[in-house]
$ cat entry-v3.pdb   # PDB, C-alpha atoms
ATOM      1  CA  MET P1185      -7.784  27.692  24.650  1.00  0.00           C
ATOM      2  CA  GLY P1186      -9.262  24.666  22.854  1.00  0.00           C
ATOM      3  CA  ARG P1187      -8.297  22.616  19.870  1.00  0.00           C
ATOM      4  CA  PRO P1188      -7.138  24.360  16.709  1.00  0.00           C
ATOM      5  CA  THR P1189      -9.711  24.508  13.928  1.00  0.00           C
ATOM      6  CA  SER P1190      -8.123  26.991  11.507  1.00  0.00           C
ATOM      7  CA  PHE P1191      -5.421  25.587   9.252  1.00  0.00           C
ATOM      8  CA  ASN P1192      -1.931  26.218  10.565  1.00  0.00           C
ATOM      9  CA  GLU P1193       1.280  25.182   8.735  1.00  0.00           C
ATOM     10  CA  ALA P1194       3.098  24.296  11.970  1.00  0.00           C
ATOM     11  CA  THR P1195       0.271  22.071  13.209  1.00  0.00           C
ATOM     12  CA  ALA P1196      -0.117  20.434   9.797  1.00  0.00           C
ATOM     13  CA  GLY P1197       3.639  19.815   9.701  1.00  0.00           C
ATOM     14  CA  GLU P1198       3.559  18.251  13.177  1.00  0.00           C
ATOM     15  CA  ILE P1199       0.726  15.944  12.111  1.00  0.00           C
ATOM     16  CA  CYS P1200       2.727  14.803   9.083  1.00  0.00           C
ATOM     17  CA  ILE P1201       5.905  14.229  11.120  1.00  0.00           C
ATOM     18  CA  ARG P1202       4.041  12.187  13.701  1.00  0.00           C
ATOM     19  CA  LEU P1203       2.328  10.147  10.976  1.00  0.00           C
ATOM     20  CA  ALA P1204       5.657   9.462   9.259  1.00  0.00           C
ATOM     21  CA  CYS P1205       7.065   8.296  12.601  1.00  0.00           C
ATOM     22  CA  GLY P1206       4.320   5.693  12.905  1.00  0.00           C
ATOM     23  CA  GLU P1207       1.572   7.303  14.991  1.00  0.00           C
ATOM     24  CA  SER P1208      -2.001   6.880  13.860  1.00  0.00           C
ATOM     25  CA  LEU P1209      -4.055   9.940  12.989  1.00  0.00           C
ATOM     26  CA  ALA P1210      -6.605   8.906  15.600  1.00  0.00           C
ATOM     27  CA  LYS P1211      -3.928   8.941  18.318  1.00  0.00           C
ATOM     28  CA  ILE P1212      -2.536  12.275  17.134  1.00  0.00           C
ATOM     29  CA  CYS P1213      -6.011  13.799  17.221  1.00  0.00           C
ATOM     30  CA  ARG P1214      -6.578  12.609  20.804  1.00  0.00           C
ATOM     31  CA  ASP P1215      -3.802  15.017  21.827  1.00  0.00           C
ATOM     32  CA  ASP P1216      -5.492  18.144  23.262  1.00  0.00           C
ATOM     33  CA  GLU P1217      -3.036  20.384  21.386  1.00  0.00           C
ATOM     34  CA  MET P1218      -3.999  18.877  18.022  1.00  0.00           C
ATOM     35  CA  PRO P1219      -7.117  19.454  15.908  1.00  0.00           C
ATOM     36  CA  ALA P1220     -10.019  17.051  16.044  1.00  0.00           C
ATOM     37  CA  TYR P1221     -10.057  14.199  13.538  1.00  0.00           C
ATOM     38  CA  ARG P1222     -12.872  15.771  11.513  1.00  0.00           C
ATOM     39  CA  THR P1223     -10.929  19.050  11.339  1.00  0.00           C
ATOM     40  CA  VAL P1224      -7.968  17.220   9.793  1.00  0.00           C
ATOM     41  CA  MET P1225     -10.342  15.560   7.312  1.00  0.00           C
ATOM     42  CA  THR P1226     -11.678  19.008   6.374  1.00  0.00           C
ATOM     43  CA  TRP P1227      -8.139  20.315   5.896  1.00  0.00           C
ATOM     44  CA  LEU P1228      -7.380  17.351   3.624  1.00  0.00           C
ATOM     45  CA  ARG P1229     -10.428  18.087   1.472  1.00  0.00           C
ATOM     46  CA  GLU P1230      -9.779  21.814   1.268  1.00  0.00           C
ATOM     47  CA  ARG P1231      -5.980  22.136   1.068  1.00  0.00           C
ATOM     48  CA  SER P1232      -4.079  20.421  -1.722  1.00  0.00           C
ATOM     49  CA  ASP P1233      -0.694  21.352  -0.205  1.00  0.00           C
ATOM     50  CA  PHE P1234      -1.584  19.612   3.059  1.00  0.00           C
ATOM     51  CA  ARG P1235      -3.105  16.688   1.134  1.00  0.00           C
ATOM     52  CA  GLN P1236       0.217  16.144  -0.689  1.00  0.00           C
ATOM     53  CA  SER P1237       2.298  16.355   2.512  1.00  0.00           C
ATOM     54  CA  TYR P1238      -0.143  14.032   4.257  1.00  0.00           C
ATOM     55  CA  ALA P1239       0.067  11.470   1.429  1.00  0.00           C
ATOM     56  CA  LEU P1240       3.878  11.475   1.608  1.00  0.00           C
ATOM     57  CA  ALA P1241       3.749  11.102   5.387  1.00  0.00           C
ATOM     58  CA  ARG P1242       1.438   8.111   5.017  1.00  0.00           C
ATOM     59  CA  GLU P1243       3.894   6.527   2.573  1.00  0.00           C
ATOM     60  CA  ASP P1244       6.735   7.137   5.012  1.00  0.00           C
ATOM     61  CA  GLN P1245       4.619   5.551   7.723  1.00  0.00           C
ATOM     62  CA  ALA P1246       5.126   2.249   5.894  1.00  0.00           C
ATOM     63  CA  ASP P1247       8.817   2.325   6.802  1.00  0.00           C
ATOM     64  CA  ALA P1248       7.949   3.004  10.448  1.00  0.00           C
ATOM     65  CA  ASP P1249       5.515   0.082  10.398  1.00  0.00           C
ATOM     66  CA  ALA P1250       8.150  -2.201   8.882  1.00  0.00           C
ATOM     67  CA  ASP P1251      10.701  -1.123  11.511  1.00  0.00           C
ATOM     68  CA  ALA P1252       8.167  -1.827  14.252  1.00  0.00           C
ATOM     69  CA  VAL P1253       8.020  -5.494  13.198  1.00  0.00           C
ATOM     70  CA  GLY P1254      11.612  -5.972  14.349  1.00  0.00           C
ATOM     71  CA  ASP P1255      10.926  -4.170  17.625  1.00  0.00           C
ATOM     72  CA  ILE P1256       7.954  -6.429  18.303  1.00  0.00           C
ATOM     73  CA  GLY P1257      10.067  -9.522  17.610  1.00  0.00           C
ATOM     74  CA  GLU P1258      12.712  -8.315  20.075  1.00  0.00           C
ATOM     75  CA  LYS P1259      10.071  -7.917  22.785  1.00  0.00           C
ATOM     76  CA  VAL P1260       9.006 -11.527  22.254  1.00  0.00           C
ATOM     77  CA  ILE P1261      12.624 -12.687  22.542  1.00  0.00           C
ATOM     78  CA  GLU P1262      13.066 -10.628  25.725  1.00  0.00           C
ATOM     79  CA  GLY P1263       9.909 -12.206  27.145  1.00  0.00           C
ATOM     80  CA  THR P1264       8.072  -8.893  27.541  1.00  0.00           C
ATOM     81  CA  LEU P1265       5.436  -9.599  24.883  1.00  0.00           C
ATOM     82  CA  ASP P1266       3.208 -12.625  24.418  1.00  0.00           C
ATOM     83  CA  PRO P1267       3.985 -14.370  21.103  1.00  0.00           C
ATOM     84  CA  GLN P1268       0.293 -14.529  20.131  1.00  0.00           C
ATOM     85  CA  ALA P1269      -0.150 -10.801  20.745  1.00  0.00           C
ATOM     86  CA  ALA P1270       3.043 -10.195  18.791  1.00  0.00           C
ATOM     87  CA  ARG P1271       1.736 -12.208  15.850  1.00  0.00           C
ATOM     88  CA  VAL P1272      -1.404 -10.064  15.700  1.00  0.00           C
ATOM     89  CA  ALA P1273       0.627  -6.847  15.947  1.00  0.00           C
ATOM     90  CA  ILE P1274       3.117  -7.993  13.321  1.00  0.00           C
ATOM     91  CA  ASP P1275       0.335  -8.977  10.925  1.00  0.00           C
ATOM     92  CA  ALA P1276      -1.251  -5.535  11.361  1.00  0.00           C
ATOM     93  CA  LYS P1277       2.059  -3.740  10.781  1.00  0.00           C
ATOM     94  CA  LYS P1278       2.870  -5.883   7.736  1.00  0.00           C
ATOM     95  CA  TRP P1279      -0.580  -5.224   6.282  1.00  0.00           C
ATOM     96  CA  SER P1280      -0.255  -1.495   6.883  1.00  0.00           C
ATOM     97  CA  ALA P1281       3.236  -1.313   5.346  1.00  0.00           C
ATOM     98  CA  GLY P1282       2.103  -3.376   2.347  1.00  0.00           C
ATOM     99  CA  ILE P1283      -0.871  -1.091   1.698  1.00  0.00           C
ATOM    100  CA  ARG P1284       1.142   2.114   2.047  1.00  0.00           C
ATOM    101  CA  LYS P1285       4.162   0.998  -0.037  1.00  0.00           C
ATOM    102  CA  PRO P1286       3.084  -2.063  -2.004  1.00  0.00           C
ATOM    103  CA  ALA P1287       6.143  -2.145  -4.263  1.00  0.00           C
ATOM    104  CA  LYS P1288       8.448  -2.340  -1.249  1.00  0.00           C
ATOM    105  CA  TYR P1289       6.413  -4.202   1.387  1.00  0.00           C
ATOM    106  CA  GLY P1290       3.482  -5.745  -0.466  1.00  0.00           C
ATOM    107  CA  PRO P1291       3.226  -9.357  -1.576  1.00  0.00           C
ATOM    108  CA  GLN P1292       5.557 -10.247  -4.396  1.00  0.00           C
ATOM    109  CA  HIS P1293       4.022 -12.153  -7.280  1.00  0.00           C
ATOM    110  CA  THR P1294       5.966 -14.066  -9.875  1.00  0.00           C
ATOM    111  CA  LEU P1295       4.417 -15.115 -13.149  1.00  0.00           C
ATOM    112  CA  ARG P1296       6.014 -17.918 -15.141  1.00  0.00           C
ATOM    113  CA  HIS P1297       4.960 -19.240 -18.474  1.00  0.00           C
ATOM    114  CA  THR P1298       5.590 -22.937 -18.996  1.00  0.00           C
ATOM    115  CA  GLY P1299       4.639 -25.526 -21.511  1.00  0.00           C
ATOM    116  CA  PRO P1300       3.219 -28.997 -20.854  1.00  0.00           C
ATOM    117  CA  GLN P1301       4.443 -30.642 -17.625  1.00  0.00           C
ATOM    118  CA  GLY P1302       6.318 -27.468 -16.710  1.00  0.00           C
ATOM    119  CA  GLY P1303       8.616 -27.629 -19.721  1.00  0.00           C
ATOM    120  CA  PRO P1304       9.529 -24.783 -22.018  1.00  0.00           C
ATOM    121  CA  VAL P1305       6.905 -22.970 -24.030  1.00  0.00           C
ATOM    122  CA  GLU P1306       7.116 -24.043 -27.639  1.00  0.00           C
ATOM    123  CA  PHE P1307       6.250 -21.622 -30.394  1.00  0.00           C
ATOM    124  CA  ALA P1308       5.027 -22.820 -33.745  1.00  0.00           C
ATOM    125  CA  ASN P1309       6.334 -21.175 -36.879  1.00  0.00           C
ATOM    126  CA  LEU P1310       3.067 -19.968 -38.329  1.00  0.00           C
ATOM    127  CA  THR P1311       2.516 -18.118 -41.543  1.00  0.00           C
ATOM    128  CA  GLU P1312       0.777 -14.739 -41.485  1.00  0.00           C
ATOM    129  CA  ALA P1313      -2.361 -16.350 -42.870  1.00  0.00           C
ATOM    130  CA  GLU P1314      -2.359 -18.971 -40.101  1.00  0.00           C
ATOM    131  CA  ILE P1315      -1.887 -16.277 -37.454  1.00  0.00           C
ATOM    132  CA  ASP P1316      -4.737 -14.239 -38.933  1.00  0.00           C
ATOM    133  CA  ALA P1317      -6.964 -17.310 -38.985  1.00  0.00           C
ATOM    134  CA  ARG P1318      -6.200 -18.120 -35.326  1.00  0.00           C
ATOM    135  CA  LEU P1319      -6.825 -14.534 -34.260  1.00  0.00           C
ATOM    136  CA  ALA P1320     -10.117 -14.512 -36.142  1.00  0.00           C
ATOM    137  CA  ALA P1321     -11.146 -17.784 -34.495  1.00  0.00           C
ATOM    138  CA  LEU P1322     -10.302 -16.375 -31.073  1.00  0.00           C
ATOM    139  CA  ALA P1323     -12.323 -13.258 -31.835  1.00  0.00           C
ATOM    140  CA  GLY P1324     -15.277 -15.427 -32.815  1.00  0.00           C
ATOM    141  CA  ASP P1325     -15.213 -14.437 -36.477  1.00  0.00           C
ATOM    142  CA  ALA P1326     -17.374 -17.148 -38.052  1.00  0.00           C
ATOM    143  CA  GLY P1327     -16.259 -16.267 -41.564  1.00  0.00           C
ATOM    144  CA  ALA P1328     -12.560 -16.944 -40.847  1.00  0.00           C
ATOM    145  CA  ALA P1329     -10.983 -20.169 -41.926  1.00  0.00           C
ATOM    146  CA  ALA P1330      -9.588 -22.392 -39.176  1.00  0.00           C
ATOM    147  CA  PRO P1331      -5.802 -22.802 -39.170  1.00  0.00           C
ATOM    148  CA  ASP P1332      -4.399 -25.873 -40.849  1.00  0.00           C
ATOM    149  CA  ALA P1333      -3.687 -28.760 -38.491  1.00  0.00           C
ATOM    150  CA  GLU P1334      -0.575 -29.663 -40.492  1.00  0.00           C
ATOM    151  CA  ALA P1335       1.419 -26.552 -39.528  1.00  0.00           C
TER     152      ALA P1335
END

$ encode --input "entry-v3.pdb" --output "structure tokens"
Amino acid sequence: MGRPTSFNEATAGEICIRLACGESLAKICRDDEMPAYRTVMTWLRERSDFRQSYALAREDQADADADAVGDIGEKVIEGTLDPQAARVAIDAKKWSAGIRKPAKYGPQHTLRHTGPQGGPVEFANLTEAEIDARLAALAGDAGAAAPDAEA
């Protein structure tokens, strides 16, 4: 019968379910009952409904990737997976999860503002004229007066 080439809701739904469960699109498309990779790419370009479902499935795939990290760790503990191979697999799964759902699985960055030697930030009580002068100096306005050093 051959691979499907015409868009079909059931096939598109199966692709999205399998993606959300952690399978790669390449693996799904190697299945003889599924469309070829390039067919899926065409569907994505041409069908906004499929494109939206596909995008959600890819987001959900992040959770499957994160769950897989624990499974890989268990295999190392059981002695059925080499720790070095596990490290590579875990790094790949963490990267994939972080790309797909950065707010949940991506690197967390913290920004702190500190003063000299890590102390508190001190704010000067400047007048409006002093603030205007500093802003003008920062903007490179040569005609602005420099703020007073006595403030």

$ closest_residue --input "entry-v3.pdb" --among "P:Arg1214, P:Lys1278, P:Arg1318, P:Arg1222" --to "P:Ala1252" --atoms "all atoms listed in the file"
P:Lys1278

$ resolve_selection --input "entry-v3.pdb" --expression "the PyMOL selection byres ((chain P and resi 1283) around 12)" --output "number ranges by chain"
P: 1242-1247, 1249-1250, 1276-1282, 1284-1291

$ write_last_selection --input "entry-v3.pdb" --atoms "C-alpha atoms" --output "compact mmCIF listing (two decimals), keeping the file's coordinate frame"
# COMPACT_ATOMS: atom_id res chain seq x y z
CA ARG P 1242 1.44 8.11 5.02
CA GLU P 1243 3.89 6.53 2.57
CA ASP P 1244 6.74 7.14 5.01
CA GLN P 1245 4.62 5.55 7.72
CA ALA P 1246 5.13 2.25 5.89
CA ASP P 1247 8.82 2.33 6.80
CA ASP P 1249 5.52 0.08 10.40
CA ALA P 1250 8.15 -2.20 8.88
CA ALA P 1276 -1.25 -5.54 11.36
CA LYS P 1277 2.06 -3.74 10.78
CA LYS P 1278 2.87 -5.88 7.74
CA TRP P 1279 -0.58 -5.22 6.28
CA SER P 1280 -0.26 -1.50 6.88
CA ALA P 1281 3.24 -1.31 5.35
CA GLY P 1282 2.10 -3.38 2.35
CA ARG P 1284 1.14 2.11 2.05
CA LYS P 1285 4.16 1.00 -0.04
CA PRO P 1286 3.08 -2.06 -2.00
CA ALA P 1287 6.14 -2.14 -4.26
CA LYS P 1288 8.45 -2.34 -1.25
CA TYR P 1289 6.41 -4.20 1.39
CA GLY P 1290 3.48 -5.74 -0.47
CA PRO P 1291 3.23 -9.36 -1.58

$ residues_near_point --input "entry-v3.pdb" --point "(-9.0, 24.5, 18.9)" --cutoff "8 Å" --atoms "all atoms listed in the file" --output "mmCIF file with C-alpha atoms, in the coordinates of the input"
data_model
loop_
_atom_site.group_PDB
_atom_site.id
_atom_site.type_symbol
_atom_site.label_atom_id
_atom_site.label_comp_id
_atom_site.auth_asym_id
_atom_site.auth_seq_id
_atom_site.Cartn_x
_atom_site.Cartn_y
_atom_site.Cartn_z
ATOM 1 C CA MET P 1185 -7.784 27.692 24.650
ATOM 2 C CA GLY P 1186 -9.262 24.666 22.854
ATOM 3 C CA ARG P 1187 -8.297 22.616 19.870
ATOM 4 C CA PRO P 1188 -7.138 24.360 16.709
ATOM 5 C CA THR P 1189 -9.711 24.508 13.928
ATOM 6 C CA SER P 1190 -8.123 26.991 11.507
ATOM 7 C CA GLU P 1217 -3.036 20.384 21.386
ATOM 8 C CA MET P 1218 -3.999 18.877 18.022
ATOM 9 C CA PRO P 1219 -7.117 19.454 15.908
#

$ atom_distance --input "entry-v3.pdb" --atom1 "atom CA of P:Leu1209" --atom2 "atom CA of P:Ala1196"
11.7 Å

$ axis_aligned_box --input "entry-v3.pdb" --around "stretch 1283-1292 of chain P" --padding-each-side "6 Å" --output "lines of an AutoDock Vina configuration file"
center_x = 3.8
center_y = -4.1
center_z = -1.2
size_x = 21.3
size_y = 24.4
size_z = 18.4

$ residues_around --input "entry-v3.pdb" --residues "stretch 1225-1227 of chain P" --least-positions-apart "2" --cutoff "12 Å" --atoms "all atoms listed in the file" --output "PyMOL selection string"
chain P and resi 1188-1193+1195-1196+1199+1209-1210+1213+1219-1223+1229-1238

$ atom_distance --input "entry-v3.pdb" --atom1 "atom CA of P:Gly1263" --atom2 "atom CA of P:Asp1251"
19.2 Å

$ atom_distance --input "entry-v3.pdb" --atom1 "atom CA of P:Ala1270" --atom2 "atom CA of P:Leu1240"
27.7 Å

$ closest_residue --input "entry-v3.pdb" --among "P:Leu1203, P:Ala1273, P:Asn1309, P:Thr1264" --to "P:Ala1239" --atoms "all atoms listed in the file"
P:Leu1203
